[in-house]
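So the structure is just underneath, and the comments pick up after that.
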Amino acid sequence: MGIYEELVERGLIAQVTNEDQIKEMINNGKATFYIGFDCTADSLHVGHFMALCLMKRLQMAGNRPIALIGDGTTLIGDPSGRTDMRQMLTEETIAHNAECFKKQMEKFIDFSEGKAIMLRNSEWLKPLNYIELLREVGACFSVNNMLRAECYKQRMEKGLSFLEFNYMIMQSYDFYYMFQHYGCNMQFGGNDQWSNMLGGTELIRRKLGKDAHAMTITLLLNSEGKKMGKTAAGAVWLDPNKTSPYDFYQYWRNVDDADVLKCLRMLTFLPLEQINEMDSWEGSQLNKAKEILAFELTSLVHGEEEAKKAEASAKALFGCGASGEMPTTELSETDLADGAIDVMSALVLTGLCSSKSEARRNIQQGGISANDEKVSDIGRSFTTDELKAGVVLKRGKKNFNKIILK
């Protein structure tokens with residue numbers, strides 16, 4: 001099985017142009033491809049993780065990735081998938097974010113000589129002369145066609161700024177420039193980038209002729225990447241200071257049953273044969289598949305040692321092992337009253353409940369446990385001896401904290 005066929009079987013490809021040529025280039029390590037990352041935050045998140053894994057897979061097959069840090073396009077803002085205008089960032093903030101991206105990408109991609117390239121599109125976007133750009137590039141774009149693009153259509157009712165309207169031209173110019181200067185002959189992106197990517201292919205065709213167009217190929221990632229990494233609390237970050245290795249592990253450990261095999265195929269580097277054997281797994285076996293998923297992905301992002309700690313912490317929650325790196329709140333004697341602390345105060349101190357009234361309500365509804373035993377008495381207290389040994393408080397299925405006396 002070639003790498004292209006493997007990508008198809010793993011569910012990573014939604015749409016392609018020039019499929020026969022793509023297969024030949026990717027399977028024979030002839031692709032120099034790019035994926036862009038706009039610098040809208042100081043960390044990549046799980047939504048970027050699929051792209052990083054794809055770059056790693058293709059590099060392992062002999063292809064050359066270009067990691068394009070969009071510090072130039074971030075100044076404009078991508079309207080795709082948004083209902084309002086993105087917050088404008090200062091150039092200083094964007095530069096800081098770009099440096100953070102660079103450090104995280106280096107964990108996944110080998111940037112040694114000839115293996116991969118990291119570029120910033122401000123290199124060629126900022127020096128552009130506006131009138132020159134209008135004459136050279138603007139003439140290649142039809143406003144009618146642009147307005148039919150999904151990334152613009154969904155914004156027309158609420159308002160689309162002229163600034164954001166230029167985003168497609170800037171992204172298209174990225175591909176055109178890298179094709180000429182870095183031999184980039186392929187581009188990858190999510191479903192919401194399809195119109196922008198086709199714009200780049202068309203620009204090359206219009207400026208450099210049909211022969212050049214035959215060498216520009218667009219391969220589209222499945223949109224699952226956009227869905228990943230979003231929780232009620234916000235994004236799941238790759239930076240351990242924003243999402244701890246334990247929380248990262250738990251995010252994957254708690255994916256829906258229907259998604260676990262999909263995530264294993266798309267994101268892990270486990271052999272497909274091994275993953276396919278899990279198709280018939282149910283019940284506790286499916287939980288085992290989630291543990292495999294969580295461990296593999298935490299190892300990729302944070303290293304095997306952190307993954308082992310997170311795994312141990314998760315098992316400790318269910319009374320199966322050492323405490324590892326479980327979220328912990330240290331209490332002092334001043335937090336106690338007569339050598340003990342009541343459960344409602346403990347829930348508030350740990351942040352599991354915002355107030356004692358919320359703690360009372362959760363207890364009465366049967367949503368609180370201590371060391372895996374349900375707490376039904378709002379007057380329950382924990383003694384000094386219990387606290388020195390550690391008490392794991394749990395609210396619902398996924399929120400917990402260990403309290404311990406210093």
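Identifiers in the structure tokens: chain A, B, ... in order shown; residue index from 1 per chain; ligand index from 1 in order shown.
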
Residues of region 232-386 of chain A in alpha helix (DSSP H), written as a VMD selection string: chain A and resid 245 to 253 260 to 267 272 to 276 284 to 302 304 to 317 343 to 350 356 to 364 384 to 386

What residues in region 250-359 of chain A get the DSSP label strand (DSSP E)? Please answer as a PyMOL selection string. chain A and resi 328-331+340-342

Residue selection dump (C-alpha atoms) as a compact mmCIF listing (two decimals), in the first residue's frame:
```
# COMPACT_ATOMS: atom_id res chain seq x y z
CA THR A 328 -4.21 18.44 43.19
CA THR A 329 -5.17 21.06 45.77
CA GLU A 330 -2.89 21.33 48.78
CA LEU A 331 -4.62 22.31 52.02
CA ALA A 340 -11.30 18.49 59.40
CA ILE A 341 -12.84 20.09 56.33
CA ASP A 342 -16.41 19.64 55.18
```

Write out as a Markdown table the residues of region 62-178 of chain A that have any atom within 10 Å of an atom of region 298-302 of chain A, one row each with the nearest atom pair and its distance in Å to one decimal, counting only C-alpha atoms, sorted by chain and then rising number.
```
| residue | atom | partner | partner_atom | distance |
| --- | --- | --- | --- | --- |
| A:Gln104 | CA | A:Val301 | CA | 8.7 |
| A:Lys107 | CA | A:Val301 | CA | 7.6 |
| A:Phe108 | CA | A:Leu300 | CA | 8.0 |
```

Just N, CA and C atoms for this one: save the residues we selected as a tab-separated table (two decimals), in the first residue's frame.
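Writing the result to part_22.tsv gives the following:
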```tsv
chain	number	residue	atom	x	y	z
A	104	GLN	N	6.77	24.42	18.58
A	104	GLN	CA	5.89	23.25	18.64
A	104	GLN	C	6.00	22.40	17.38
A	107	LYS	N	8.75	19.67	17.05
A	107	LYS	CA	8.58	18.38	17.72
A	107	LYS	C	8.05	17.32	16.76
A	108	PHE	N	7.40	17.75	15.68
A	108	PHE	CA	6.75	16.82	14.76
A	108	PHE	C	7.51	16.65	13.45
```

Interatomic distance, CA of Glu92 (chain A) to CA of Leu68 (chain A) (Å, one decimal):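 Separating CA of Glu92 (chain A) from CA of Leu68 (chain A) is a distance of 18.3 Å.
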
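When only C-alpha atoms are used to measure the gap to Val8 (chain A), the shortest distance among A:Leu147, A:Leu272, A:Ala95, A:Ala139 belongs to A:Leu272.
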
Taking only C-alpha atoms into account, produce a table as a tab-separated table in which each residue of region 11-103 of chain A with an atom at most 10 Å from an atom of region 252-263 of chain A appears once, together with its shortest atom pair and the distance in Å to one decimal, ordered by chain and rising number.
```
residue	atom	partner	partner_atom	distance
A:Gly11	CA	A:Lys262	CA	7.6
A:Leu12	CA	A:Lys262	CA	9.8
A:Met50	CA	A:Cys263	CA	9.5
```
